[in-house]
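Working notes, structure below.
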Amino acid sequence: MSRHPRLDGRGVGRLLADFGHPLPTVPTTAAVEREPRLFPPTPRHGPRRPDRGWSPASAPVSVWRMTSDQAPVLWPFVTSPAIPPRGAQIGIDYLSRTSFHVDPNGWVLDETIPVSNPNMITFGKPGMGKSATVKAFLLRMLGFGYKALILGDVKDEYEPLCRAVGVTPIAIGQGLTARINPLEFGPLKLGWEHLDPAQAQERAKVVF
């Protein structure tokens, strides 16, 4: 037996409902099913298992510092390429992280690009890839109809490139049969006998 007698009375909710004033009920919400993950969760340093890309250090990230006035303009912190993607693809643009293309003659002919001279110079520390960059540029520009003239190959590094595209280099040096005649007219002498004196003098200015 229970020490306390059981009281079968009406509660507050039942009492108010009997007088026509039911208490408001809290609507029940249906459980939302979570979408399956597209990729399984991965630790910051990668899975710590062999051949799974684990790294003892976090991946390097770019740090940007700006004022609240600059942030709305720079978001999402990516700049557009400075020049159109035309010509030989050489590398990656440091600012926009997009492909960087080189077309000096195309830059000069395009009025929207402020370039007035197609000449280029490559310089850098030894072993930084200057020669490899120039050879890659020459090879890729051949596909756009350009022709390359290599006046000297001191390190014999352009000869394999020439032979790869079906060109036999002209070797000049002591004991070799090839010679250079600075007074040779070359293609300029074609049809020379049919030129009038004024035209012949105009061609001669190219040599003399």
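Identifiers in the structure tokens: chain A, B, ... in order shown; residue index from 1 per chain; ligand index from 1 in order shown.
Residues lying within 12 Å of A:Trp54, counting only C-alpha atoms and ignoring same-chain neighbours fewer than 4 positions away, are Thr42, Pro43, Arg44, His45, Gly46, Pro47, Arg48, Arg49, Pro50, Ser58 and Ala59 of chain A.
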Extract the full set of alpha helix (DSSP H) residues from stretch 68-160 of chain A according to DSSP on the backbone, and format it as a list in words.
Ala71, Pro72, Val73, Leu74, Pro104, Asn105, Gly106, Trp107, Val108, Leu109, Lys130, Ser131, Ala132, Thr133, Val134, Lys135, Ala136, Phe137, Leu138, Leu139, Arg140, Met141, Leu142, Glu159 and Pro160 of chain A
Based on the selection just made, write N, CA and C atoms of those residues as a compact mmCIF listing (two decimals), in the first residue's frame.
```txt
# COMPACT_ATOMS: atom_id res chain seq x y z
N ALA A 71 37.77 45.06 -48.17
CA ALA A 71 37.33 43.66 -48.23
C ALA A 71 36.17 43.44 -49.20
N PRO A 72 35.12 44.30 -49.23
CA PRO A 72 34.04 44.04 -50.19
C PRO A 72 34.48 44.10 -51.64
N VAL A 73 35.54 44.88 -51.92
CA VAL A 73 36.00 45.02 -53.30
C VAL A 73 36.86 43.83 -53.71
N LEU A 74 37.70 43.35 -52.80
CA LEU A 74 38.64 42.28 -53.14
C LEU A 74 38.02 40.90 -53.04
N PRO A 104 54.15 37.94 -77.70
CA PRO A 104 54.64 39.33 -77.82
C PRO A 104 54.10 40.05 -79.05
N ASN A 105 54.14 39.40 -80.21
CA ASN A 105 53.64 40.07 -81.42
C ASN A 105 52.14 40.32 -81.33
N GLY A 106 51.41 39.37 -80.77
CA GLY A 106 49.98 39.57 -80.60
C GLY A 106 49.67 40.70 -79.64
N TRP A 107 50.50 40.88 -78.61
CA TRP A 107 50.29 42.00 -77.69
C TRP A 107 50.45 43.34 -78.39
N VAL A 108 51.46 43.42 -79.27
CA VAL A 108 51.71 44.69 -79.96
C VAL A 108 50.56 45.02 -80.92
N LEU A 109 50.03 44.00 -81.59
CA LEU A 109 48.96 44.23 -82.56
C LEU A 109 47.61 44.47 -81.91
N LYS A 130 66.06 29.20 -67.18
CA LYS A 130 65.95 30.19 -68.25
C LYS A 130 65.95 29.51 -69.62
N SER A 131 66.92 28.64 -69.86
CA SER A 131 67.01 27.98 -71.16
C SER A 131 65.80 27.09 -71.41
N ALA A 132 65.35 26.38 -70.39
CA ALA A 132 64.18 25.52 -70.55
C ALA A 132 62.94 26.34 -70.89
N THR A 133 62.81 27.51 -70.28
CA THR A 133 61.66 28.37 -70.57
C THR A 133 61.70 28.88 -72.00
N VAL A 134 62.88 29.30 -72.46
CA VAL A 134 63.01 29.81 -73.82
C VAL A 134 62.73 28.70 -74.84
N LYS A 135 63.27 27.51 -74.60
CA LYS A 135 63.03 26.41 -75.54
C LYS A 135 61.56 26.01 -75.56
N ALA A 136 60.92 26.01 -74.40
CA ALA A 136 59.49 25.71 -74.36
C ALA A 136 58.69 26.78 -75.10
N PHE A 137 59.10 28.03 -74.95
CA PHE A 137 58.41 29.13 -75.65
C PHE A 137 58.54 28.98 -77.16
N LEU A 138 59.77 28.69 -77.64
CA LEU A 138 59.99 28.54 -79.08
C LEU A 138 59.19 27.37 -79.63
N LEU A 139 59.22 26.25 -78.94
CA LEU A 139 58.53 25.06 -79.43
C LEU A 139 57.02 25.28 -79.48
N ARG A 140 56.47 25.93 -78.48
CA ARG A 140 55.02 26.12 -78.44
C ARG A 140 54.55 27.19 -79.42
N MET A 141 55.40 28.18 -79.69
CA MET A 141 55.00 29.22 -80.64
C MET A 141 55.05 28.73 -82.08
N LEU A 142 55.78 27.63 -82.34
CA LEU A 142 55.79 27.08 -83.70
C LEU A 142 54.39 26.64 -84.11
N GLU A 159 70.24 22.24 -80.47
CA GLU A 159 70.33 21.27 -81.57
C GLU A 159 69.29 20.16 -81.44
N PRO A 160 69.09 19.54 -80.25
CA PRO A 160 68.03 18.52 -80.16
C PRO A 160 66.64 19.07 -80.47
```
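Minimum atom-to-atom distances from A:Phe100, A:Phe185, A:Trp64, A:Trp192 to A:Gly87 were compared using only C-alpha atoms, and the lowest value belongs to A:Phe100.
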Go ahead and compute the interatomic distance for atom CA of A:Thr122 and atom CA of A:Asp103, in Å to one decimal.
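Interatomic distance here is 14.8 Å.
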Do a neighbour search on A:Val12 at 10 Å with only C-alpha atoms, toss out local chain neighbours closer than 6 positions, and write the hits as a ChimeraX atom specification.
/A:18,22-23
Between A:Leu188, A:Gly166, A:Thr67, A:Gly53, single out the one closest to A:Glu202, counting only C-alpha atoms.
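Between A:Leu188, A:Gly166, A:Thr67, A:Gly53, the residue approaching A:Glu202 most closely is A:Leu188.
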Go through A:Ile170, A:Gln199, A:Pro114, A:Gly191 one by one, measure the shortest atom-to-atom distance of each to A:Tyr158 using only C-alpha atoms, and give the residue with the smallest value.
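Answer, going by the shortest atom-to-atom distance: A:Ile170.
Across the model, the gap from atom CA of A:Ala148 to atom CA of A:Arg203 is 23.7 Å.
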Report, in Å to a single decimal, how far apart atom CA of A:Asp110 and atom CA of A:Phe144 are.
16.2 Å
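Here the question is which of A:Pro56, A:Ser62, A:Thr177, A:Val102 gets nearest to A:Met120 using only C-alpha atoms, and that residue is A:Val102.
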